[in-house]
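Asks: So here's coords_14.txt (compact mmCIF, C-alpha atoms).
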```txt
# COMPACT_ATOMS: atom_id res chain seq x y z
CA MET A 1 -13.01 12.86 4.54
CA THR A 2 -9.31 13.21 3.85
CA ALA A 3 -7.67 9.78 4.10
CA ILE A 4 -4.09 11.09 4.27
CA ALA A 5 -2.98 14.53 5.42
CA ALA A 6 0.82 14.72 5.58
CA HIS A 7 2.42 18.14 5.87
CA HIS A 8 6.06 19.27 5.73
CA LEU A 9 7.61 15.83 6.20
CA THR A 10 11.40 15.67 6.42
CA VAL A 11 13.29 12.40 6.88
CA ARG A 12 17.06 11.95 7.10
CA TYR A 13 19.16 8.81 7.27
CA GLY A 14 22.32 10.21 8.77
CA GLU A 15 23.62 12.71 6.23
CA VAL A 16 21.22 11.52 3.51
CA LEU A 17 18.08 13.60 3.01
CA ALA A 18 15.35 11.14 1.98
CA LEU A 19 12.31 13.45 2.16
CA ASP A 20 12.47 17.23 2.03
CA ASP A 21 9.41 19.19 3.19
CA VAL A 22 6.93 16.76 1.59
CA SER A 23 3.20 17.53 1.82
CA VAL A 24 0.41 15.34 0.36
CA ASP A 25 -3.34 15.16 0.87
CA VAL A 26 -5.38 12.24 -0.49
CA ARG A 27 -9.15 11.99 -0.20
CA GLU A 28 -11.02 8.79 0.63
CA GLY A 29 -12.17 6.49 -2.15
CA ARG A 30 -9.23 7.18 -4.49
CA ILE A 31 -6.40 5.19 -6.03
CA CYS A 32 -3.28 7.31 -5.87
CA GLY A 33 -0.07 6.38 -7.67
CA LEU A 34 3.28 7.34 -6.15
CA LEU A 35 5.92 7.63 -8.86
CA GLY A 36 9.64 8.28 -8.76
CA MET A 37 13.09 6.89 -9.43
CA ASN A 38 14.88 4.47 -7.13
CA GLY A 39 16.06 6.51 -4.18
CA SER A 40 13.40 9.17 -4.68
CA GLY A 41 11.90 8.55 -1.24
CA LYS A 42 8.82 6.50 -2.15
CA SER A 43 9.42 3.69 0.36
CA THR A 44 10.44 6.22 3.01
CA LEU A 45 7.18 8.11 2.49
CA PHE A 46 5.21 4.86 2.77
CA LYS A 47 6.99 3.86 5.97
CA SER A 48 6.43 7.32 7.41
CA LEU A 49 2.71 7.23 6.65
CA VAL A 50 2.13 3.75 8.09
CA GLY A 51 4.19 4.47 11.20
CA LEU A 52 7.26 2.30 10.58
CA ILE A 53 9.60 5.29 10.87
CA ARG A 54 9.30 8.65 12.59
CA PRO A 55 9.93 11.72 10.42
CA ASP A 56 12.45 14.26 11.65
CA ALA A 57 9.85 16.95 11.07
CA GLY A 58 6.25 17.27 9.92
CA GLU A 59 2.77 16.10 10.84
CA ILE A 60 0.72 13.11 9.64
CA ARG A 61 -2.99 12.47 10.08
CA ILE A 62 -4.67 9.28 8.86
CA MET A 63 -8.47 9.44 8.62
CA ASP A 64 -8.26 12.46 10.94
CA ARG A 65 -6.35 10.38 13.50
CA GLY A 66 -2.76 10.05 14.57
CA ARG A 67 -0.86 7.12 13.11
CA LYS A 68 -0.89 5.08 16.33
CA GLN A 69 -4.64 5.47 16.70
CA ALA A 70 -5.20 4.58 13.03
CA ARG A 71 -3.12 1.42 13.42
CA ARG A 72 -4.87 0.54 16.68
CA GLU A 73 -8.23 0.75 14.89
CA GLY A 74 -6.94 -1.41 12.03
CA LEU A 75 -7.47 1.33 9.44
CA ILE A 76 -4.10 0.84 7.70
CA ALA A 77 -2.86 -2.16 5.71
CA TYR A 78 0.63 -2.32 4.21
CA VAL A 79 1.77 -4.59 1.38
CA PRO A 80 5.59 -4.34 1.39
CA GLN A 81 8.04 -5.01 -1.41
CA SER A 82 8.81 -8.70 -1.85
CA GLU A 83 12.39 -8.13 -0.72
CA ALA A 84 11.13 -7.01 2.72
CA VAL A 85 9.43 -10.35 3.48
CA ASP A 86 11.04 -13.55 4.80
CA TRP A 87 9.46 -16.06 2.45
CA THR A 88 11.11 -18.98 4.28
CA PHE A 89 9.07 -18.33 7.44
CA PRO A 90 6.85 -21.42 7.99
CA VAL A 91 3.36 -19.99 7.58
CA THR A 92 0.56 -20.85 5.18
CA VAL A 93 -1.52 -18.52 3.04
CA SER A 94 -4.43 -18.74 5.49
CA ASP A 95 -2.06 -17.95 8.39
CA VAL A 96 -0.93 -14.74 6.70
CA VAL A 97 -4.49 -13.64 5.96
CA LEU A 98 -5.59 -14.40 9.53
CA MET A 99 -2.86 -12.04 10.74
CA GLY A 100 -5.07 -9.27 9.44
CA ARG A 101 -7.65 -10.22 12.06
CA TYR A 102 -5.30 -9.69 15.01
CA GLY A 103 -6.94 -6.43 16.05
CA HIS A 104 -10.37 -8.11 16.02
CA LEU A 105 -9.41 -11.06 18.22
CA GLY A 106 -10.61 -11.38 21.79
CA PRO A 107 -8.44 -11.64 24.93
CA THR A 108 -7.35 -15.20 24.09
CA ARG A 109 -6.04 -14.08 20.66
CA ARG A 110 -7.54 -17.21 19.14
CA PRO A 111 -9.41 -16.89 15.83
CA ARG A 112 -13.15 -17.18 16.20
CA ARG A 113 -15.77 -18.21 13.67
CA ALA A 114 -16.15 -14.64 12.39
CA ASP A 115 -12.37 -14.30 11.92
CA LYS A 116 -12.14 -17.52 9.94
CA ALA A 117 -15.13 -16.47 7.84
CA ALA A 118 -13.42 -13.12 7.08
CA MET A 119 -10.26 -15.00 6.09
CA ARG A 120 -12.14 -17.32 3.73
CA SER A 121 -14.06 -14.42 2.19
CA ALA A 122 -10.84 -12.49 1.57
CA LEU A 123 -9.19 -15.51 -0.05
CA THR A 124 -12.20 -15.93 -2.32
CA ARG A 125 -11.95 -12.31 -3.42
CA VAL A 126 -8.30 -12.68 -4.42
CA GLY A 127 -8.78 -16.10 -6.03
CA LEU A 128 -6.59 -18.08 -3.62
CA THR A 129 -9.09 -20.34 -1.86
CA GLU A 130 -7.51 -23.50 -3.23
CA LEU A 131 -4.08 -22.41 -1.95
CA ALA A 132 -5.17 -21.65 1.62
CA ASP A 133 -2.95 -24.39 3.09
CA ARG A 134 0.03 -23.75 0.80
CA PRO A 135 3.24 -22.45 2.46
CA ILE A 136 3.67 -18.80 1.53
CA GLY A 137 7.19 -19.47 0.23
CA GLU A 138 5.85 -21.79 -2.48
CA LEU A 139 3.68 -19.14 -4.15
CA SER A 140 4.43 -17.19 -7.30
CA GLY A 141 5.11 -13.47 -7.09
CA GLY A 142 1.56 -12.55 -8.05
CA GLN A 143 0.04 -15.02 -5.59
CA ARG A 144 2.18 -13.59 -2.79
CA LYS A 145 0.99 -10.07 -3.54
CA ARG A 146 -2.64 -11.23 -3.59
CA THR A 147 -2.14 -12.95 -0.23
CA PHE A 148 -1.09 -9.68 1.39
CA VAL A 149 -3.97 -7.81 -0.26
CA ALA A 150 -6.28 -10.49 1.20
CA ARG A 151 -4.77 -9.80 4.62
CA GLY A 152 -5.76 -6.14 4.26
CA ILE A 153 -9.27 -7.11 3.17
CA ALA A 154 -9.69 -9.49 6.12
CA GLN A 155 -8.47 -6.72 8.39
CA ASP A 156 -11.19 -4.45 6.93
CA ALA A 157 -8.57 -1.73 6.45
CA ARG A 158 -9.83 1.53 4.97
CA LEU A 159 -6.43 2.59 3.64
CA LEU A 160 -4.11 0.23 1.76
CA PHE A 161 -0.48 0.96 0.87
CA LEU A 162 1.10 -1.27 -1.78
CA ASP A 163 4.84 -0.86 -2.35
CA GLU A 164 5.71 -1.93 -5.93
CA PRO A 165 2.77 -4.37 -6.21
CA PHE A 166 3.52 -5.24 -9.85
CA ALA A 167 7.24 -5.97 -9.50
CA GLY A 168 7.93 -9.60 -10.42
CA VAL A 169 4.27 -10.21 -11.25
CA ASP A 170 2.96 -11.78 -14.45
CA LYS A 171 0.40 -9.92 -16.58
CA LYS A 172 -2.50 -12.12 -15.48
CA SER A 173 -1.82 -11.45 -11.80
CA GLU A 174 -1.26 -7.75 -12.50
CA ALA A 175 -4.68 -7.53 -14.17
CA MET A 176 -6.32 -9.42 -11.30
CA ILE A 177 -4.70 -7.18 -8.68
CA SER A 178 -5.68 -4.04 -10.62
CA ASP A 179 -9.32 -5.18 -10.88
CA LEU A 180 -9.36 -5.93 -7.16
CA LEU A 181 -7.95 -2.52 -6.26
CA ARG A 182 -10.66 -0.83 -8.34
CA GLU A 183 -13.30 -2.85 -6.49
CA LEU A 184 -11.87 -1.76 -3.15
CA ARG A 185 -11.83 1.86 -4.34
CA ASP A 186 -15.46 1.58 -5.41
CA GLU A 187 -16.29 0.32 -1.90
CA GLY A 188 -14.92 3.58 -0.52
CA ARG A 189 -11.46 2.42 0.48
CA THR A 190 -8.34 4.39 -0.36
CA VAL A 191 -5.41 2.77 -2.14
CA VAL A 192 -1.91 4.19 -2.56
CA ILE A 193 0.56 2.31 -4.76
CA SER A 194 4.19 3.01 -5.55
CA THR A 195 5.22 1.82 -8.97
CA HIS A 196 7.81 2.20 -11.72
CA ASP A 197 5.26 1.09 -14.32
CA LEU A 198 4.11 4.40 -15.77
CA ALA A 199 2.06 2.62 -18.44
CA SER A 200 -0.32 1.14 -15.86
CA VAL A 201 -0.99 4.42 -14.04
CA PRO A 202 -3.53 6.15 -16.37
CA GLU A 203 -5.85 3.13 -16.42
CA LEU A 204 -5.57 2.26 -12.73
CA CYS A 205 -5.09 5.48 -10.77
CA ASP A 206 -7.36 8.44 -10.15
CA GLU A 207 -4.46 10.72 -9.29
CA ALA A 208 -0.69 10.56 -8.98
CA ILE A 209 2.22 12.01 -7.06
CA LEU A 210 5.66 12.58 -8.60
CA LEU A 211 8.35 12.40 -5.94
CA GLN A 212 12.04 13.26 -6.01
CA GLN A 213 12.79 13.87 -2.33
CA ARG A 214 10.26 16.67 -2.76
CA VAL A 215 6.81 16.58 -4.37
CA ILE A 216 7.27 17.55 -8.01
CA ALA A 217 3.55 17.32 -8.84
CA HIS A 218 0.35 15.93 -7.36
CA GLY A 219 -2.99 15.93 -9.11
CA ALA A 220 -4.93 14.58 -12.07
CA ILE A 221 -3.21 11.94 -14.19
CA ASP A 222 -3.03 13.96 -17.42
CA GLU A 223 -1.41 16.89 -15.59
CA VAL A 224 1.04 14.87 -13.52
CA LEU A 225 2.18 12.68 -16.43
CA ALA A 226 2.87 15.64 -18.69
CA PRO A 227 6.29 15.27 -20.38
CA GLU A 228 7.82 18.26 -18.62
CA MET A 229 6.80 16.86 -15.21
CA LEU A 230 8.21 13.41 -15.98
CA ALA A 231 11.42 15.00 -17.20
CA ARG A 232 11.82 16.84 -13.89
CA THR A 233 11.18 13.66 -11.94
CA PHE A 234 13.10 11.06 -13.93
CA GLY A 235 15.70 13.30 -15.56
CA VAL A 236 14.89 12.16 -19.09
CA GLU A 237 12.89 13.51 -21.98
CA ALA A 238 9.50 11.77 -21.99
CA ARG A 239 6.79 11.42 -24.57
```
Go ahead and express the file in the form of structure tokens.
Replies:
Amino acid sequence: MTAIAAHHLTVRYGEVLALDDVSVDVREGRICGLLGMNGSGKSTLFKSLVGLIRPDAGEIRIMDRGRKQARREGLIAYVPQSEAVDWTFPVTVSDVVLMGRYGHLGPTRRPRRADKAAMRSALTRVGLTELADRPIGELSGGQRKRTFVARGIAQDARLLFLDEPFAGVDKKSEAMISDLLRELRDEGRTVVISTHDLASVPELCDEAILLQQRVIAHGAIDEVLAPEMLARTFGVEAR
């Protein structure tokens, strides 16, 4: 099945054209890297796909569903950039992960035994069990990212979007997150990451998209990361 089918997306912020006739198709069970300069439209594309903004034109299908239906079924998980999160909000690590269970809760919206078990299992997978009661604001950058990945795991999302997951993250946490994303891919989930770290893409991703308001290239890593393609995307000569 196609996990993402987005066709002819156009997004404007006033007079600024953020996305211009963008079309991407990503199959299930893949890790797809989204690459581009600051201001290239990566975050706008993410927000369009997860339903945070409405494109001015175009069509989006997630797992052969509309975005609202996909969200209602808990199919989509979104790990935002660190700057988009209020880290002073008084919640613990376990609270954040339990938020992923919201769509599974009964009429009372109180976590049940199965929800708490899913939370604990997710924390184990990301190596944060001992920090379950720690306020989210006291975590390191890598621990914060892993907390939000755990939320997606607890949610049982089939499609995970991670916006700059390696920004402000130490190498140990980056390696742990990368290993975890491969595990999720091997379980049949689909992962899309935006990143500036070109060096990490060949080892982590199965395919990549180069974006500069329009799709410059989308396909196999060796084709997309060819020097001429990177030059068109980043405006520099690449080796």
Asks: Which residue out of A:Lys145, A:Gly51, A:Arg125, A:Glu164 has the minimum interatomic distance to A:Asp197 when all atoms listed in the file are used?
Replies: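 That would be A:Glu164, the residue with the smallest distance to A:Asp197.
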Asks: Any idea what's packed within 12 Å of A:Ala167, counting all atoms listed in the file, ignoring anything in its chain fewer than 2 positions away? Could you give it as a list of chain:residue names?
Replies: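 Counting all atoms listed in the file, the residues come to A:Pro80, A:Gln81, A:Ser82, A:Glu83, A:Ser140, A:Gly141, A:Gly142, A:Arg144, A:Lys145, A:Leu162, A:Asp163, A:Glu164, A:Pro165, A:Val169, A:Asp170, A:Lys171, A:Ser173, A:Glu174, A:Ile193, A:Ser194, A:Thr195, A:His196, A:Asp197.
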Asks: Near A:Gly219, within 12 Å and counting all atoms listed in the file, which residues show up once chain neighbours fewer than 6 positions away are dropped, as a list of chain:residue names?
Replies: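 These residues fall inside the cut-off: A:Val24, A:Asp25, A:Val26, A:Arg27, A:Arg30, A:Ile31, A:Cys32, A:Gly33, A:Leu34, A:Cys205, A:Asp206, A:Glu207, A:Ala208, A:Ile209, A:Leu210, A:Leu225, A:Ala226, A:Met229.
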Asks: Any chance you could export the current selection's C-alpha atoms as a compact mmCIF listing (two decimals), keeping the file's coordinate frame?
Replies:
```txt
# COMPACT_ATOMS: atom_id res chain seq x y z
CA VAL A 24 0.41 15.34 0.36
CA ASP A 25 -3.34 15.16 0.87
CA VAL A 26 -5.38 12.24 -0.49
CA ARG A 27 -9.15 11.99 -0.20
CA ARG A 30 -9.23 7.18 -4.49
CA ILE A 31 -6.40 5.19 -6.03
CA CYS A 32 -3.28 7.31 -5.87
CA GLY A 33 -0.07 6.38 -7.67
CA LEU A 34 3.28 7.34 -6.15
CA CYS A 205 -5.09 5.48 -10.77
CA ASP A 206 -7.36 8.44 -10.15
CA GLU A 207 -4.46 10.72 -9.29
CA ALA A 208 -0.69 10.56 -8.98
CA ILE A 209 2.22 12.01 -7.06
CA LEU A 210 5.66 12.58 -8.60
CA LEU A 225 2.18 12.68 -16.43
CA ALA A 226 2.87 15.64 -18.69
CA MET A 229 6.80 16.86 -15.21
```
Asks: Identify which of the residues A:Thr44, A:Leu204, A:Glu223, A:Leu17 lies closest to A:Arg182, counting only C-alpha atoms when measuring atom-to-atom distances.
Replies: A:Leu204
Asks: Applying 6 Å and all atoms listed in the file, which residues near A:Ser23 remain after dropping the ones on its own chain fewer than 3 positions away? List them as a PyMOL selection string.
Replies: chain A and resi 6-8
Asks: Using all atoms listed in the file, pick whichever of A:Gln212, A:Ser48, A:Gln155, A:Thr2 has the shortest atom-to-atom distance to A:Leu230.
Replies: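 Counting all atoms listed in the file, the residue closest to A:Leu230 is A:Gln212.
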Asks: Write out as a list of chain:residue names which residues come within 12 Å of A:Met1 when counting all atoms listed in the file, dropping same-chain ones fewer than 2 positions away.
Replies: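 Close residues of A:Met1: A:Ala3, A:Ile4, A:Ala5, A:Asp25, A:Val26, A:Arg27, A:Glu28, A:Gly29, A:Arg30, A:Arg61, A:Ile62, A:Met63, A:Asp64, A:Arg65, A:Arg158, A:Gly188, A:Arg189, A:Thr190.
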Asks: Generate the output file for the selected residues, C-alpha atoms, as a PDB file, in the frame of the given file.
Replies:
```pdb
ATOM      1  CA  ALA A   3      -7.670   9.780   4.100  1.00  0.00           C
ATOM      2  CA  ILE A   4      -4.090  11.090   4.270  1.00  0.00           C
ATOM      3  CA  ALA A   5      -2.980  14.530   5.420  1.00  0.00           C
ATOM      4  CA  ASP A  25      -3.340  15.160   0.870  1.00  0.00           C
ATOM      5  CA  VAL A  26      -5.380  12.240  -0.490  1.00  0.00           C
ATOM      6  CA  ARG A  27      -9.150  11.990  -0.200  1.00  0.00           C
ATOM      7  CA  GLU A  28     -11.020   8.790   0.630  1.00  0.00           C
ATOM      8  CA  GLY A  29     -12.170   6.490  -2.150  1.00  0.00           C
ATOM      9  CA  ARG A  30      -9.230   7.180  -4.490  1.00  0.00           C
ATOM     10  CA  ARG A  61      -2.990  12.470  10.080  1.00  0.00           C
ATOM     11  CA  ILE A  62      -4.670   9.280   8.860  1.00  0.00           C
ATOM     12  CA  MET A  63      -8.470   9.440   8.620  1.00  0.00           C
ATOM     13  CA  ASP A  64      -8.260  12.460  10.940  1.00  0.00           C
ATOM     14  CA  ARG A  65      -6.350  10.380  13.500  1.00  0.00           C
ATOM     15  CA  ARG A 158      -9.830   1.530   4.970  1.00  0.00           C
ATOM     16  CA  GLY A 188     -14.920   3.580  -0.520  1.00  0.00           C
ATOM     17  CA  ARG A 189     -11.460   2.420   0.480  1.00  0.00           C
ATOM     18  CA  THR A 190      -8.340   4.390  -0.360  1.00  0.00           C
TER      19      THR A 190
END
```
Asks: In Å to one decimal, how far is atom CA of A:Ile53 from atom CA of A:Asp95?
Replies: 26.1 Å
Asks: Rounded to one decimal in Å, what is the spacing between atom CA of A:Trp87 and atom CA of A:Ala150?
Replies: 16.7 Å
Asks: Report the distance between atom CA of A:Asp115 and atom CA of A:Ile153 in Å, rounded to one decimal place.
Replies: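 The value is 11.7 Å.
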Asks: Rank A:Thr88, A:Glu183, A:Val11, A:Lys42 by their smallest atom-to-atom distance to A:Pro55, using all atoms listed in the file, and report the top residue only.
Replies: A:Val11
Asks: Mind checking which residues fall within 10 Å of A:Thr233, counting all atoms listed in the file, ignoring those fewer than 6 positions away in the same chain, and posting them as a ChimeraX atom specification?
Replies: /A:35-37,40,210-217,227
Asks: Could you turn the residues from that selection into a file that holds C-alpha atoms, as a compact mmCIF listing (two decimals), in the coordinates of the input?
Replies:
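Contents of the output file part.txt:
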```
# COMPACT_ATOMS: atom_id res chain seq x y z
CA LEU A 35 5.92 7.63 -8.86
CA GLY A 36 9.64 8.28 -8.76
CA MET A 37 13.09 6.89 -9.43
CA SER A 40 13.40 9.17 -4.68
CA LEU A 210 5.66 12.58 -8.60
CA LEU A 211 8.35 12.40 -5.94
CA GLN A 212 12.04 13.26 -6.01
CA GLN A 213 12.79 13.87 -2.33
CA ARG A 214 10.26 16.67 -2.76
CA VAL A 215 6.81 16.58 -4.37
CA ILE A 216 7.27 17.55 -8.01
CA ALA A 217 3.55 17.32 -8.84
CA PRO A 227 6.29 15.27 -20.38
```
Asks: Tell me which of A:Gly137, A:His218, A:Gly103, A:Leu180 sits closest to A:Leu123, counting all atoms listed in the file.
Replies: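 Answer, going by the shortest atom-to-atom distance: A:Leu180.
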Asks: With distances taken over only C-alpha atoms, which of A:Arg113, A:Glu73, A:Phe148, A:Leu52 is nearest to A:Val96?
Replies: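 Closest candidate: A:Phe148.
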Asks: (8.8, 16.6, 9.0) in this file's frame - what residues fall within 6 Å of it? Use all atoms listed in the file and give the answer as a PyMOL selection string.
Replies: chain A and resi 8-10+55-58
Asks: Taking the block above, write stretch 131-143 of chain A with N, CA, C and O atoms as a PDB file, in the first residue's frame.
Replies:
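For reference, result.pdb as written:
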```pdb
ATOM      1  N   LEU A 131      13.330   7.208  33.482  1.00  0.00           N
ATOM      2  CA  LEU A 131      13.003   8.641  33.493  1.00  0.00           C
ATOM      3  C   LEU A 131      11.510   8.883  33.346  1.00  0.00           C
ATOM      4  O   LEU A 131      11.090  10.006  33.067  1.00  0.00           O
ATOM      5  N   ALA A 132      10.693   7.871  33.568  1.00  0.00           N
ATOM      6  CA  ALA A 132       9.251   7.980  33.337  1.00  0.00           C
ATOM      7  C   ALA A 132       8.619   9.121  34.129  1.00  0.00           C
ATOM      8  O   ALA A 132       7.695   9.786  33.643  1.00  0.00           O
ATOM      9  N   ASP A 133       9.105   9.385  35.341  1.00  0.00           N
ATOM     10  CA  ASP A 133       8.508  10.413  36.194  1.00  0.00           C
ATOM     11  C   ASP A 133       9.254  11.741  36.143  1.00  0.00           C
ATOM     12  O   ASP A 133       8.938  12.669  36.892  1.00  0.00           O
ATOM     13  N   ARG A 134      10.222  11.846  35.226  1.00  0.00           N
ATOM     14  CA  ARG A 134      11.005  13.083  35.100  1.00  0.00           C
ATOM     15  C   ARG A 134      10.217  14.135  34.315  1.00  0.00           C
ATOM     16  O   ARG A 134       9.630  13.815  33.279  1.00  0.00           O
ATOM     17  N   PRO A 135      10.178  15.386  34.768  1.00  0.00           N
ATOM     18  CA  PRO A 135       9.547  16.442  33.965  1.00  0.00           C
ATOM     19  C   PRO A 135      10.208  16.540  32.594  1.00  0.00           C
ATOM     20  O   PRO A 135      11.441  16.470  32.480  1.00  0.00           O
ATOM     21  N   ILE A 136       9.415  16.715  31.551  1.00  0.00           N
ATOM     22  CA  ILE A 136       9.932  16.705  30.193  1.00  0.00           C
ATOM     23  C   ILE A 136      10.972  17.805  29.980  1.00  0.00           C
ATOM     24  O   ILE A 136      11.922  17.647  29.217  1.00  0.00           O
ATOM     25  N   GLY A 137      10.807  18.935  30.699  1.00  0.00           N
ATOM     26  CA  GLY A 137      11.733  20.042  30.530  1.00  0.00           C
ATOM     27  C   GLY A 137      13.122  19.781  31.066  1.00  0.00           C
ATOM     28  O   GLY A 137      14.054  20.538  30.767  1.00  0.00           O
ATOM     29  N   GLU A 138      13.291  18.721  31.870  1.00  0.00           N
ATOM     30  CA  GLU A 138      14.598  18.424  32.452  1.00  0.00           C
ATOM     31  C   GLU A 138      15.405  17.434  31.617  1.00  0.00           C
ATOM     32  O   GLU A 138      16.520  17.059  31.993  1.00  0.00           O
ATOM     33  N   LEU A 139      14.866  17.009  30.483  1.00  0.00           N
ATOM     34  CA  LEU A 139      15.552  16.025  29.648  1.00  0.00           C
ATOM     35  C   LEU A 139      16.552  16.687  28.711  1.00  0.00           C
ATOM     36  O   LEU A 139      16.440  17.861  28.379  1.00  0.00           O
ATOM     37  N   SER A 140      17.508  15.885  28.253  1.00  0.00           N
ATOM     38  CA  SER A 140      18.423  16.347  27.212  1.00  0.00           C
ATOM     39  C   SER A 140      17.695  16.358  25.874  1.00  0.00           C
ATOM     40  O   SER A 140      16.576  15.839  25.745  1.00  0.00           O
ATOM     41  N   GLY A 141      18.334  16.934  24.867  1.00  0.00           N
ATOM     42  CA  GLY A 141      17.713  16.994  23.548  1.00  0.00           C
ATOM     43  C   GLY A 141      17.392  15.619  22.984  1.00  0.00           C
ATOM     44  O   GLY A 141      16.292  15.392  22.453  1.00  0.00           O
ATOM     45  N   GLY A 142      18.321  14.685  23.112  1.00  0.00           N
ATOM     46  CA  GLY A 142      18.086  13.339  22.607  1.00  0.00           C
ATOM     47  C   GLY A 142      16.988  12.612  23.359  1.00  0.00           C
ATOM     48  O   GLY A 142      16.184  11.889  22.765  1.00  0.00           O
ATOM     49  N   GLN A 143      16.939  12.810  24.680  1.00  0.00           N
ATOM     50  CA  GLN A 143      15.888  12.173  25.484  1.00  0.00           C
ATOM     51  C   GLN A 143      14.506  12.728  25.130  1.00  0.00           C
ATOM     52  O   GLN A 143      13.528  11.994  25.097  1.00  0.00           O
TER      53      GLN A 143
END
```
